[in-house]
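The next block is run_8.cif, given as mmCIF, C-alpha atoms.
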```
data_structure
loop_
_atom_site.label_atom_id
_atom_site.label_comp_id
_atom_site.auth_asym_id
_atom_site.auth_seq_id
_atom_site.Cartn_x
_atom_site.Cartn_y
_atom_site.Cartn_z
CA MET A 482 106.69 82.48 61.84
CA SER A 483 109.75 83.78 63.71
CA ALA A 484 110.38 82.97 67.36
CA SER A 485 109.99 86.64 68.28
CA ARG A 486 106.56 86.81 66.63
CA ARG A 487 105.45 83.63 68.40
CA SER A 488 106.71 85.00 71.70
CA TYR A 489 104.93 88.31 71.17
CA GLY A 490 101.67 86.67 70.12
CA SER A 491 101.57 84.19 72.97
CA GLY A 492 102.69 86.82 75.46
CA ALA A 493 100.01 89.26 74.35
CA ARG A 494 97.35 86.56 74.57
CA VAL A 495 98.37 85.49 78.07
CA LEU A 496 98.55 89.08 79.26
CA SER A 497 95.23 89.91 77.60
CA VAL A 498 93.43 87.26 79.64
CA GLY A 499 94.70 88.78 82.89
CA ILE A 500 94.00 92.36 81.93
CA ALA A 501 90.63 91.53 80.35
CA ALA A 502 89.56 90.13 83.70
CA THR A 503 91.09 93.17 85.37
CA GLY A 504 89.06 95.53 83.19
CA LEU A 505 85.84 93.69 83.97
CA LEU A 506 86.60 93.68 87.69
CA THR A 507 87.39 97.40 87.64
CA PHE A 508 84.13 98.12 85.86
CA ALA A 509 82.32 95.94 88.42
CA PHE A 510 84.01 97.78 91.30
CA PHE A 511 82.48 101.11 90.26
CA SER A 512 79.18 99.50 89.37
CA ILE A 513 78.91 98.01 92.88
CA ALA A 514 79.98 101.32 94.43
CA SER A 515 77.24 103.16 92.54
CA HIS A 516 74.62 100.75 93.88
CA VAL A 517 75.68 100.56 97.55
CA LEU A 518 76.61 104.23 98.10
CA SER A 519 74.67 107.43 97.75
CA ALA A 520 75.20 109.40 94.55
CA ASP A 521 77.44 111.92 96.32
CA ALA A 522 79.53 109.26 98.08
CA ALA A 523 79.94 107.25 94.87
CA GLU A 524 81.02 110.43 93.10
CA ARG A 525 83.68 111.10 95.73
CA VAL A 526 85.11 107.62 95.16
CA ASP A 527 85.06 108.30 91.39
CA VAL A 528 86.97 111.55 91.93
CA LEU A 529 89.48 109.83 94.22
CA TRP A 530 90.13 107.25 91.51
CA SER A 531 90.41 109.89 88.80
CA VAL A 532 92.87 112.03 90.76
CA MET A 533 94.99 109.06 91.81
CA PHE A 534 95.25 107.66 88.32
CA VAL A 535 96.14 110.99 86.81
CA VAL A 536 99.01 111.14 89.30
CA ILE A 537 100.28 107.56 89.04
CA SER A 538 100.03 107.48 85.26
CA VAL A 539 102.02 110.68 84.93
CA ILE A 540 104.75 109.90 87.47
CA TYR A 541 105.06 106.11 87.36
CA ARG A 542 104.16 104.81 83.90
CA PRO A 543 107.13 106.65 82.31
CA VAL A 544 109.49 104.53 84.40
CA GLU A 545 107.53 101.42 83.47
CA GLN A 546 108.02 102.34 79.79
CA LEU A 547 111.68 103.20 80.33
CA LEU A 548 112.37 99.88 82.05
CA SER A 549 110.42 97.90 79.48
CA ARG A 550 112.18 99.52 76.54
CA THR A 551 115.65 99.44 78.09
CA ILE A 552 115.49 95.79 79.10
CA ALA A 553 113.93 94.72 75.79
CA GLU A 554 116.62 96.44 73.74
CA ARG A 555 119.40 94.95 75.82
CA ARG A 556 117.86 91.49 75.55
CA ALA A 557 117.64 91.91 71.77
CA LEU A 558 121.35 92.72 71.74
CA GLY A 559 122.21 89.63 73.77
CA HIS A 560 122.63 91.05 77.29
CA THR A 561 121.41 89.10 80.29
CA GLU A 562 121.88 91.73 83.04
CA HIS A 563 119.95 94.98 82.98
CA PRO A 564 120.39 98.42 84.60
CA LEU A 565 118.19 99.41 87.49
CA ARG A 566 119.92 102.29 89.25
CA VAL A 567 118.65 105.08 87.00
CA PRO A 568 115.02 103.87 86.86
CA ILE A 569 115.01 103.43 90.64
CA ALA A 570 116.37 106.95 91.12
CA ILE A 571 113.76 108.44 88.79
CA GLN A 572 110.90 106.50 90.38
CA ALA A 573 111.95 107.41 93.92
CA SER A 574 112.31 111.07 92.95
CA PHE A 575 108.82 111.18 91.44
CA ALA A 576 107.34 109.53 94.54
CA LEU A 577 109.11 111.96 96.85
CA ILE A 578 107.95 114.98 94.84
CA PHE A 579 104.38 113.71 95.02
CA LEU A 580 104.58 113.20 98.79
CA ILE A 581 105.94 116.71 99.36
CA LEU A 582 103.25 118.30 97.19
CA ALA A 583 100.50 116.22 98.81
CA LEU A 584 101.60 117.38 102.25
CA VAL A 585 101.93 121.01 101.18
CA PHE A 586 98.47 121.08 99.58
CA ARG A 587 96.74 118.85 102.13
CA GLU A 588 94.17 121.43 103.19
CA GLU A 589 93.33 122.36 99.61
CA LEU A 590 92.86 118.72 98.65
CA LEU A 591 90.68 118.09 101.69
CA SER A 592 88.40 121.05 101.12
CA GLU A 593 88.30 121.34 97.33
CA VAL A 594 88.53 117.70 96.21
CA PHE A 595 87.42 115.39 99.03
CA ASP A 596 84.73 117.45 100.79
CA HIS A 597 86.70 117.32 104.07
CA TYR A 598 86.78 113.50 104.19
CA SER A 599 90.30 112.98 105.50
CA ALA A 600 90.17 109.21 104.93
CA LEU A 601 89.96 109.81 101.18
CA TYR A 602 93.06 112.02 101.34
CA ASP A 603 94.90 109.29 103.27
CA VAL A 604 93.91 106.72 100.65
CA LEU A 605 95.24 109.02 97.92
CA VAL A 606 98.64 109.38 99.60
CA VAL A 607 99.11 105.75 100.66
CA GLY A 608 97.77 104.32 97.42
CA THR A 609 99.86 106.58 95.21
CA LEU A 610 103.07 105.73 97.07
CA ALA A 611 102.22 102.02 96.91
CA TYR A 612 101.83 102.20 93.13
CA ALA A 613 105.50 103.21 92.81
CA GLY A 614 106.47 99.61 93.54
CA SER A 615 103.68 98.18 91.41
CA TYR A 616 104.60 100.11 88.27
CA PHE A 617 108.30 99.45 88.70
CA ALA A 618 107.52 95.74 88.89
CA ARG A 619 105.36 96.02 85.77
CA GLY A 620 108.17 97.58 83.74
CA TRP A 621 110.65 94.94 84.86
CA LEU A 622 108.23 92.11 84.10
CA ALA A 623 107.33 93.54 80.69
CA GLY A 624 110.92 94.06 79.61
CA ASN A 625 111.79 90.49 80.56
CA GLU A 626 108.59 89.28 78.83
CA TYR A 627 107.21 87.68 81.98
CA PHE A 628 103.74 88.38 80.69
CA ALA A 629 101.93 85.73 82.70
CA LEU A 630 103.31 87.21 85.92
CA TYR A 631 102.43 90.73 84.72
CA GLY A 632 98.88 89.58 84.11
CA ALA A 633 98.80 87.95 87.53
CA LEU A 634 99.96 91.19 89.16
CA VAL A 635 97.24 93.37 87.65
CA LEU A 636 94.61 90.67 88.19
CA MET A 637 95.57 90.40 91.86
CA GLU A 638 95.29 94.19 92.11
CA ALA A 639 91.76 94.27 90.67
CA THR A 640 90.64 91.25 92.68
CA SER A 641 91.88 92.79 95.91
CA ARG A 642 90.14 96.07 95.16
CA ILE A 643 86.73 94.57 94.36
CA CYS A 644 86.78 92.50 97.57
CA PHE A 645 86.34 95.73 99.54
CA ALA A 646 83.31 96.73 97.44
CA LEU A 647 81.82 93.26 97.87
CA ALA A 648 82.34 93.48 101.63
CA VAL A 649 80.15 96.59 101.66
CA ALA A 650 77.58 95.01 99.35
CA LEU A 651 77.34 91.97 101.66
CA GLY A 652 77.05 94.08 104.79
CA ILE A 653 80.42 93.07 106.23
CA ALA A 654 81.55 96.70 106.06
CA SER A 655 79.85 99.97 105.21
CA GLY A 656 80.44 103.40 103.74
CA GLN A 657 82.66 105.10 101.21
CA THR A 658 85.80 104.72 103.34
CA ALA A 659 85.55 100.93 103.29
CA ILE A 660 85.29 100.93 99.50
CA ALA A 661 88.03 103.54 99.10
CA LEU A 662 90.42 101.45 101.22
CA GLY A 663 90.42 98.89 98.43
CA ILE A 664 92.00 101.46 96.12
CA ALA A 665 94.95 101.86 98.52
CA ALA A 666 95.32 98.19 99.45
CA ALA A 667 95.22 96.81 95.90
CA PRO A 668 98.72 97.85 94.72
CA LEU A 669 100.30 96.52 97.92
CA LEU A 670 98.56 93.16 97.69
CA SER A 671 99.41 92.83 93.99
CA LEU A 672 103.12 92.64 94.85
CA VAL A 673 102.70 89.08 96.12
CA VAL A 674 103.63 87.93 92.60
CA VAL A 675 107.08 89.56 92.76
CA PRO A 676 108.76 86.67 94.67
CA ALA A 677 107.65 84.31 91.88
CA ALA A 678 109.31 86.62 89.34
CA PHE A 679 112.56 86.62 91.31
CA ALA A 680 112.42 82.84 91.54
CA ARG A 681 112.01 82.57 87.78
CA ARG A 682 114.86 85.02 87.22
CA GLY A 683 117.09 83.04 89.53
CA HIS A 684 116.29 79.84 87.65
CA GLU A 685 117.17 81.50 84.34
CA ARG A 686 120.50 82.66 85.75
CA GLN A 687 121.29 79.14 86.88
CA MET A 688 120.46 77.82 83.42
CA SER A 689 122.56 80.47 81.63
CA GLY A 690 125.53 80.34 84.01
CA PRO A 691 127.23 83.12 85.97
CA PHE A 692 127.71 86.49 84.34
CA THR A 693 131.00 88.32 84.17
CA VAL A 694 132.30 91.03 86.44
CA ASP A 695 131.91 93.52 83.58
CA GLU A 696 128.25 92.57 83.23
CA ALA A 697 127.68 92.93 86.96
CA ASP A 698 129.29 96.37 86.97
CA ALA A 699 127.17 97.39 84.00
CA ALA A 700 124.00 96.26 85.73
CA LEU A 701 124.72 98.60 88.63
CA ALA A 702 125.93 101.56 86.63
CA GLY A 703 122.86 102.48 84.59
CA PRO A 704 121.65 102.50 80.98
CA GLY A 705 124.41 102.46 78.38
CA THR A 706 127.36 102.28 80.77
CA GLU A 707 129.11 99.46 78.99
CA GLY A 708 128.29 100.87 75.57
CA VAL A 709 129.78 104.34 75.95
CA GLN A 710 133.14 104.98 77.56
CA GLU A 711 133.74 108.61 76.76
CA THR A 712 134.25 109.84 80.31
CA ALA A 713 134.04 108.76 83.90
CA ALA A 714 130.92 110.88 84.19
CA HIS A 715 128.91 108.61 81.90
CA GLY A 716 126.59 107.58 84.74
CA GLU A 717 125.41 111.18 85.01
CA LEU A 718 124.88 111.28 81.24
CA SER A 719 122.81 108.11 81.44
CA LEU A 720 120.68 109.63 84.17
CA ARG A 721 120.09 112.66 81.98
CA ARG A 722 119.08 110.53 79.02
CA GLY A 723 116.86 108.29 81.07
CA GLY A 724 115.32 111.27 82.84
CA ARG A 725 114.66 113.05 79.55
CA PHE A 726 112.89 109.98 78.17
CA ALA A 727 110.82 109.68 81.35
CA LEU A 728 109.85 113.36 81.29
CA TRP A 729 108.59 113.20 77.70
CA VAL A 730 106.62 110.06 78.51
CA SER A 731 105.24 111.89 81.55
CA GLY A 732 103.91 114.48 79.12
CA ILE A 733 102.26 111.69 77.13
CA MET A 734 100.72 110.18 80.25
CA LEU A 735 99.46 113.56 81.49
CA SER A 736 97.87 114.19 78.10
CA GLU A 737 96.23 110.76 78.09
CA GLN A 738 94.84 111.30 81.56
CA THR A 739 93.52 114.68 80.40
CA LEU A 740 91.61 112.91 77.65
CA LEU A 741 90.16 110.45 80.17
CA ASN A 742 89.53 112.71 83.14
CA ALA A 743 89.23 116.34 82.03
CA ALA A 744 85.56 115.87 81.21
CA VAL A 745 84.82 114.48 84.68
CA LEU A 746 86.82 117.12 86.50
CA THR A 747 85.49 120.10 84.51
CA VAL A 748 81.89 118.98 85.00
CA TYR A 749 82.61 118.37 88.68
CA ALA A 750 83.98 121.91 88.99
CA THR A 751 81.20 123.65 87.06
CA SER A 752 78.12 121.55 87.80
CA ASP A 753 76.78 119.08 90.37
CA GLN A 754 78.48 115.89 91.53
CA ALA A 755 75.75 113.63 90.16
CA LEU A 756 76.24 114.89 86.59
CA ALA A 757 80.01 114.44 86.94
CA GLY A 758 79.26 110.86 87.96
CA ILE A 759 77.28 110.36 84.74
CA VAL A 760 80.22 111.65 82.70
CA PHE A 761 82.52 109.31 84.63
CA ASN A 762 80.24 106.38 83.77
CA VAL A 763 80.28 107.35 80.10
CA MET A 764 84.08 107.62 80.07
CA LEU A 765 84.33 104.14 81.60
CA ILE A 766 83.28 102.89 78.15
CA ALA A 767 86.65 104.14 76.95
CA ARG A 768 88.59 103.46 80.13
CA ALA A 769 87.78 99.74 80.45
CA PRO A 770 88.96 98.76 76.90
CA LEU A 771 91.99 101.00 77.35
CA GLN A 772 92.90 99.01 80.44
CA LEU A 773 92.51 95.84 78.40
CA PHE A 774 94.71 97.33 75.68
CA GLN A 775 97.47 97.84 78.22
CA ALA A 776 98.11 94.15 77.64
CA ILE A 777 98.84 94.84 73.99
CA GLN A 778 100.79 98.01 74.73
CA THR A 779 102.83 96.28 77.42
CA SER A 780 103.90 93.47 75.11
CA LEU A 781 104.03 95.70 72.00
CA LEU A 782 106.76 98.08 73.21
CA PRO A 783 109.41 95.41 73.98
CA HIS A 784 108.36 93.53 70.83
CA LEU A 785 108.74 96.58 68.59
CA THR A 786 112.00 97.54 70.27
CA GLY A 787 113.38 94.08 69.52
CA LEU A 788 112.17 94.26 65.92
CA GLU A 789 113.79 97.67 65.47
CA ALA A 790 117.06 96.33 66.84
CA LYS A 791 117.12 93.05 64.87
CA GLU A 792 114.59 92.61 62.05
CA GLY A 793 114.04 96.01 60.45
CA HIS A 794 111.20 98.12 59.06
CA ALA A 795 109.07 95.45 57.31
CA ALA A 796 108.51 93.34 60.44
CA PHE A 797 107.99 96.52 62.49
CA ALA A 798 105.35 97.82 60.06
CA ARG A 799 103.59 94.46 59.94
CA ALA A 800 103.19 94.38 63.72
CA ILE A 801 101.70 97.88 63.74
CA ARG A 802 99.41 97.17 60.79
CA LEU A 803 97.94 94.01 62.35
CA THR A 804 97.44 95.76 65.69
CA VAL A 805 95.62 98.74 64.16
CA LEU A 806 93.38 96.50 62.04
CA ALA A 807 92.39 94.48 65.11
CA ILE A 808 91.63 97.70 66.98
CA ALA A 809 89.45 98.99 64.12
CA ALA A 810 87.36 95.81 64.11
CA PHE A 811 86.97 95.89 67.89
CA ALA A 812 85.99 99.57 67.99
CA ALA A 813 83.42 99.16 65.21
CA THR A 814 81.83 96.27 67.11
CA VAL A 815 81.71 98.24 70.37
CA ALA A 816 80.24 101.32 68.68
CA LEU A 817 77.53 99.25 67.00
CA GLY A 818 76.64 97.57 70.28
CA LEU A 819 76.42 100.94 72.04
CA LEU A 820 74.21 102.30 69.28
CA LEU A 821 71.80 99.39 69.66
CA ILE A 822 71.65 98.66 73.40
CA GLY A 823 73.99 101.18 75.07
CA PRO A 824 71.36 103.33 76.83
CA PHE A 825 69.55 100.32 78.31
CA VAL A 826 72.73 98.66 79.57
CA MET A 827 74.15 101.86 81.05
CA GLY A 828 70.92 103.00 82.66
CA HIS A 829 69.37 99.77 83.87
CA VAL A 830 72.07 97.11 84.14
CA LEU A 831 75.34 98.73 85.16
CA PHE A 832 74.74 101.92 87.11
CA GLY A 833 71.07 102.32 87.89
CA GLN A 834 70.98 106.12 87.98
CA HIS A 835 67.88 107.82 86.61
CA TYR A 836 69.52 109.31 83.53
CA SER A 837 68.69 108.87 79.85
CA TYR A 838 71.93 108.11 78.01
CA GLY A 839 71.99 109.13 74.35
CA ARG A 840 72.77 106.23 72.02
CA PHE A 841 74.57 108.34 69.42
CA GLY A 842 76.75 109.97 72.06
CA LEU A 843 77.65 106.55 73.47
CA ALA A 844 78.52 105.33 69.96
CA LEU A 845 80.82 108.35 69.56
CA ILE A 846 82.60 107.33 72.75
CA GLY A 847 83.04 103.85 71.28
CA LEU A 848 84.55 105.26 68.09
CA GLY A 849 86.73 107.64 70.10
CA MET A 850 87.93 104.69 72.15
CA GLY A 851 89.05 103.04 68.89
CA MET A 852 90.96 106.18 67.92
CA HIS A 853 92.52 106.23 71.38
CA LEU A 854 93.60 102.58 71.11
CA ALA A 855 95.08 103.14 67.65
CA SER A 856 96.94 106.15 69.01
CA GLY A 857 98.34 103.93 71.76
CA ALA A 858 99.75 101.51 69.20
CA LEU A 859 101.27 104.31 67.12
CA ASN A 860 102.66 105.83 70.31
CA GLN A 861 104.49 102.59 71.15
CA ALA A 862 105.97 102.63 67.65
CA ALA A 863 107.26 106.16 68.30
CA LEU A 864 108.76 105.17 71.67
CA ALA A 865 110.42 102.10 70.16
CA ARG A 866 112.04 104.41 67.61
CA ASN A 867 113.12 106.85 70.33
CA ARG A 868 110.71 109.56 69.22
CA ALA A 869 109.29 110.29 72.66
CA ARG A 870 109.53 114.09 72.24
CA ALA A 871 107.63 114.15 68.95
CA ALA A 872 104.98 111.75 70.28
CA ALA A 873 104.55 113.87 73.41
CA THR A 874 103.92 116.94 71.25
CA CYS A 875 101.10 115.14 69.42
CA TRP A 876 99.48 114.09 72.70
CA MET A 877 99.75 117.54 74.23
CA ILE A 878 98.09 119.18 71.23
CA ALA A 879 95.14 116.78 71.41
CA ALA A 880 94.81 117.11 75.19
CA LEU A 881 94.84 120.92 75.09
CA ALA A 882 92.24 120.90 72.31
CA PHE A 883 89.98 118.64 74.41
CA LEU A 884 90.40 120.74 77.54
CA ALA A 885 89.62 123.94 75.61
CA TRP A 886 86.52 122.29 74.15
CA MET A 887 85.25 121.22 77.60
CA LEU A 888 85.70 124.76 78.93
CA THR A 889 83.93 126.34 75.95
CA PRO A 890 80.13 126.04 76.22
CA LEU A 891 79.48 125.63 72.49
CA VAL A 892 77.40 122.57 73.40
CA GLY A 893 75.27 123.33 76.42
CA GLU A 894 74.52 119.71 77.42
CA GLN A 895 77.71 118.71 79.22
CA VAL A 896 77.51 114.94 78.73
CA LEU A 897 77.10 115.39 74.97
CA ARG A 898 79.89 117.96 75.03
CA ALA A 899 82.19 115.35 76.61
CA GLU A 900 81.19 112.70 74.06
CA LEU A 901 81.76 114.98 71.07
CA GLY A 902 84.98 116.34 72.52
CA TYR A 903 86.48 112.94 73.27
CA PHE A 904 85.76 111.67 69.76
CA GLY A 905 87.18 114.80 68.17
CA ALA A 906 90.32 114.91 70.33
CA THR A 907 91.17 111.24 69.85
CA SER A 908 90.62 111.54 66.10
CA LEU A 909 93.02 114.48 66.02
CA LEU A 910 95.54 112.51 68.09
CA ALA A 911 95.36 109.46 65.84
CA LEU A 912 95.90 111.65 62.77
CA LEU A 913 98.93 113.38 64.26
CA LEU A 914 100.55 110.12 65.39
CA ALA A 915 99.80 108.48 62.03
CA LEU A 916 101.62 111.33 60.28
CA LEU A 917 104.52 110.89 62.70
CA TYR A 918 104.59 107.16 62.02
CA ARG A 919 104.63 107.69 58.24
CA ARG A 920 107.76 109.76 58.62
CA GLY A 921 109.38 106.46 59.56
CA ALA A 922 112.58 106.03 61.43
CA GLY A 923 114.17 109.23 60.12
CA ALA A 924 115.04 111.88 62.66
CA ARG A 925 114.94 110.36 66.18
CA ASP A 926 115.19 111.80 69.59
CA THR A 927 118.33 110.97 71.54
CA PRO A 928 117.61 107.60 73.16
CA PRO A 929 118.37 106.36 76.63
CA ARG A 930 121.18 104.21 75.23
CA THR A 931 121.20 100.69 76.51
CA GLY A 932 123.67 98.61 74.59
CA ARG A 933 126.73 98.46 72.44
#
```

Target encoding structure tokens, full file:
Amino acid sequence: MSASRRSYGSGARVLSVGIAATGLLTFAFFSIASHVLSADAAERVDVLWSVMFVVISVIYRPVEQLLSRTIAERRALGHTEHPLRVPIAIQASFALIFLILALVFREELLSEVFDHYSALYDVLVVGTLAYAGSYFARGWLAGNEYFALYGALVLMEATSRICFALAVALGIASGQTAIALGIAAAPLLSLVVVPAAFARRGHERQMSGPFTVDEADAALAGPGTEGVQETAAHGELSLRRGGRFALWVSGIMLSEQTLLNAAVLTVYATSDQALAGIVFNVMLIARAPLQLFQAIQTSLLPHLTGLEAKEGHAAFARAIRLTVLAIAAFAATVALGLLLIGPFVMGHVLFGQHYSYGRFGLALIGLGMGMHLASGALNQAALARNRARAAATCWMIAALAFLAWMLTPLVGEQVLRAELGYFGATSLLALLLALLYRRGAGARDTPPRTGR
């Protein structure tokens, strides 16, 4: 077994432990909230979470992916210093755009989304801005393969968040605002692991010796500066390439959040809050494993990028094949469990609402979750091969199909409509990305160039 495979396997395992615990804690956070708050208050917290994570996934995860891919490719090519200026500029721009829009549409958000609870609006703004630093740190940690520290960061985030829900459950605090504050505080508290990452980086520099002036200049200039010397304006070209990559990944993230949240938001807009809460609970079946799979995705992108740069198609294909097979086994197990005991667990153990969950609909969510996970693996393969534009097209088609389905009352029962729609949309997505993957490494989008 090659050193890169050992590193990937051990890194994915370490990261999986942290994010597995994170997924369980996130699930527990909403379970506690549903028990200690009224149905309407719990639903407002659900909507706050949904809106915030649509935003942060769309505007921040692209920079995480850009950093991870850029650093991994440069490391595979032997570089020790990595560009930060362009990712910082993109991240800061996205955060500023969000802040401006949030201020402009403050009244609309207060009245239409948060039922005039200004504290929830404040949590949205503060929490979203705080996640800019968290996701930047994640991309840097992933690209450098500091997977244990990445796992510690997300675990600290989830632990911090659930402490606020526990405080309400224990009577130390009360109300939806106290629970919602955990959503804003969590990304800030998670950054306590960053000094440890800098300390490790400093130790590695001491072990490897000082880098050259050329390397230092390259680190400041941006992706690809030392590799392309056509003109003095290359920094601007690098920003364009990096920005283009980030924008296509933003399209992917927006589409993914549509798959996860469109059902909740459309039911919230067309029906009562309690039913939207039921749909949110159902979609947590998909959301919690997807959060766990972020461990695999996080380690998979730099791993595949390194394989593409050094080892070729066979090793690349093997990594994808093993990942998809593991996902298929996991999804089949989850779907079978939901078919057997899903309604009892959802209705009596986790959430406690008086609603009869359908076992076949829950099983469809489990199968759809498997399709979603497989799509995530195939998506990382596309990004590693610089096919962000083509991958984004696949995601947008699936997301639009799901949104159209949710707005078309062909199935009157809205929870069942969401379950059928999610399974159908994720199956379509997996098919489209599989066809893209089979086309191999042929025509590629222009990459954010990172090395010689």

*For Leu582 (chain A), which of A:Ile878, A:Leu884, A:Val606, A:Leu782 is the closest residue, counting only C-alpha atoms?*
A:Val606

Might you pull out every residue within 6 Å of region 542-551 of chain A, with all atoms listed in the file counted and same-chain residues fewer than 2 positions away left off, and present them as a PDB file with C-alpha atoms, in the frame of the given file?
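Result saved to result.pdb:
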```
ATOM      1  CA  SER A 538     100.030 107.480  85.260  1.00  0.00           C
ATOM      2  CA  ALA A 553     113.930  94.720  75.790  1.00  0.00           C
ATOM      3  CA  GLU A 554     116.620  96.440  73.740  1.00  0.00           C
ATOM      4  CA  TYR A 616     104.600 100.110  88.270  1.00  0.00           C
ATOM      5  CA  PHE A 617     108.300  99.450  88.700  1.00  0.00           C
ATOM      6  CA  GLY A 620     108.170  97.580  83.740  1.00  0.00           C
ATOM      7  CA  TRP A 621     110.650  94.940  84.860  1.00  0.00           C
ATOM      8  CA  ALA A 623     107.330  93.540  80.690  1.00  0.00           C
ATOM      9  CA  GLY A 624     110.920  94.060  79.610  1.00  0.00           C
ATOM     10  CA  ALA A 727     110.820 109.680  81.350  1.00  0.00           C
ATOM     11  CA  VAL A 730     106.620 110.060  78.510  1.00  0.00           C
ATOM     12  CA  SER A 731     105.240 111.890  81.550  1.00  0.00           C
ATOM     13  CA  PRO A 783     109.410  95.410  73.980  1.00  0.00           C
ATOM     14  CA  THR A 931     121.200 100.690  76.510  1.00  0.00           C
TER      15      THR A 931
END
```

_List as a PyMOL selection string the protein and nucleic acid residues near Val805 (chain A), meaning an atom at most 9 Å away when only C-alpha atoms are counted, but skip any in the same chain fewer than 2 places from it._
chain A and resi 800-803+807-810+854-856+858-859

*asked:* Env of Thr747 (chain A): 9 Å cut, atoms = only C-alpha atoms, seq-sep filter 5 positions within chain, self excluded. Answer as a ChimeraX atom specification.
replied: /A:742,752,757,884,887-888

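Here CA of Met852 (chain A) stands at a distance of 25.5 Å from CA of Tyr631 (chain A).
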
*asked:* Suppose a student applies the PyMOL selection byres ((chain A and resi 864) around 10) to this structure; what residues should they get, written as a list of chain:residue names?
replied: A:Gln546, A:Leu547, A:Arg550, A:Phe726, A:Val730, A:Leu782, A:Leu785, A:Thr786, A:Leu859, A:Asn860, A:Gln861, A:Ala862, A:Ala863, A:Ala865, A:Arg866, A:Asn867, A:Arg868, A:Ala869, A:Arg870, A:Ala871, A:Ala872, A:Ala873, A:Arg925, A:Asp926, A:Pro928

_Residues near Phe645 (chain A), anyone? I mean within 7 Å using only C-alpha atoms, not counting same-chain ones fewer than 5 positions away, as a VMD selection string._
chain A and resid 659 to 660 663

Residue selection dump (C-alpha atoms) as a PDB file, in the frame of the given file:
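Below is the file selection-v2.pdb, written as the result:
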```pdb
ATOM      1  CA  ALA A 659      85.550 100.930 103.290  1.00  0.00           C
ATOM      2  CA  ILE A 660      85.290 100.930  99.500  1.00  0.00           C
ATOM      3  CA  GLY A 663      90.420  98.890  98.430  1.00  0.00           C
TER       4      GLY A 663
END
```

On this structure, which residues satisfy the PyMOL selection byres ((chain A and resi 746) around 10), written as a PDB file with C-alpha atoms, keeping the file's coordinate frame?
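Output saved as selection.pdb:
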```
ATOM      1  CA  VAL A 528      86.970 111.550  91.930  1.00  0.00           C
ATOM      2  CA  SER A 531      90.410 109.890  88.800  1.00  0.00           C
ATOM      3  CA  VAL A 532      92.870 112.030  90.760  1.00  0.00           C
ATOM      4  CA  VAL A 594      88.530 117.700  96.210  1.00  0.00           C
ATOM      5  CA  THR A 739      93.520 114.680  80.400  1.00  0.00           C
ATOM      6  CA  LEU A 741      90.160 110.450  80.170  1.00  0.00           C
ATOM      7  CA  ASN A 742      89.530 112.710  83.140  1.00  0.00           C
ATOM      8  CA  ALA A 743      89.230 116.340  82.030  1.00  0.00           C
ATOM      9  CA  ALA A 744      85.560 115.870  81.210  1.00  0.00           C
ATOM     10  CA  VAL A 745      84.820 114.480  84.680  1.00  0.00           C
ATOM     11  CA  THR A 747      85.490 120.100  84.510  1.00  0.00           C
ATOM     12  CA  VAL A 748      81.890 118.980  85.000  1.00  0.00           C
ATOM     13  CA  TYR A 749      82.610 118.370  88.680  1.00  0.00           C
ATOM     14  CA  ALA A 750      83.980 121.910  88.990  1.00  0.00           C
ATOM     15  CA  THR A 751      81.200 123.650  87.060  1.00  0.00           C
ATOM     16  CA  SER A 752      78.120 121.550  87.800  1.00  0.00           C
ATOM     17  CA  GLN A 754      78.480 115.890  91.530  1.00  0.00           C
ATOM     18  CA  ALA A 757      80.010 114.440  86.940  1.00  0.00           C
ATOM     19  CA  GLY A 758      79.260 110.860  87.960  1.00  0.00           C
ATOM     20  CA  VAL A 760      80.220 111.650  82.700  1.00  0.00           C
ATOM     21  CA  PHE A 761      82.520 109.310  84.630  1.00  0.00           C
ATOM     22  CA  MET A 887      85.250 121.220  77.600  1.00  0.00           C
TER      23      MET A 887
END
```

N, CA and C atoms are what I want for region 503-510 of chain A; can you complete it accordingly and write them as a short mmCIF file (atom, residue, chain, number, x, y, z; two decimals), keeping the file's coordinate frame?
```cif
data_model
loop_
_atom_site.label_atom_id
_atom_site.label_comp_id
_atom_site.auth_asym_id
_atom_site.auth_seq_id
_atom_site.Cartn_x
_atom_site.Cartn_y
_atom_site.Cartn_z
N THR A 503 90.87 91.97 84.57
CA THR A 503 91.09 93.17 85.37
C THR A 503 90.14 94.29 84.97
N GLY A 504 89.97 94.50 83.66
CA GLY A 504 89.06 95.53 83.19
C GLY A 504 87.63 95.28 83.64
N LEU A 505 87.19 94.03 83.54
CA LEU A 505 85.84 93.69 83.97
C LEU A 505 85.67 93.90 85.47
N LEU A 506 86.68 93.52 86.24
CA LEU A 506 86.60 93.68 87.69
C LEU A 506 86.60 95.16 88.09
N THR A 507 87.38 95.96 87.36
CA THR A 507 87.39 97.40 87.64
C THR A 507 86.03 98.03 87.33
N PHE A 508 85.46 97.64 86.20
CA PHE A 508 84.13 98.12 85.86
C PHE A 508 83.13 97.70 86.93
N ALA A 509 83.24 96.44 87.40
CA ALA A 509 82.32 95.94 88.42
C ALA A 509 82.51 96.68 89.74
N PHE A 510 83.75 97.05 90.07
CA PHE A 510 84.01 97.78 91.30
C PHE A 510 83.20 99.07 91.36
#
```
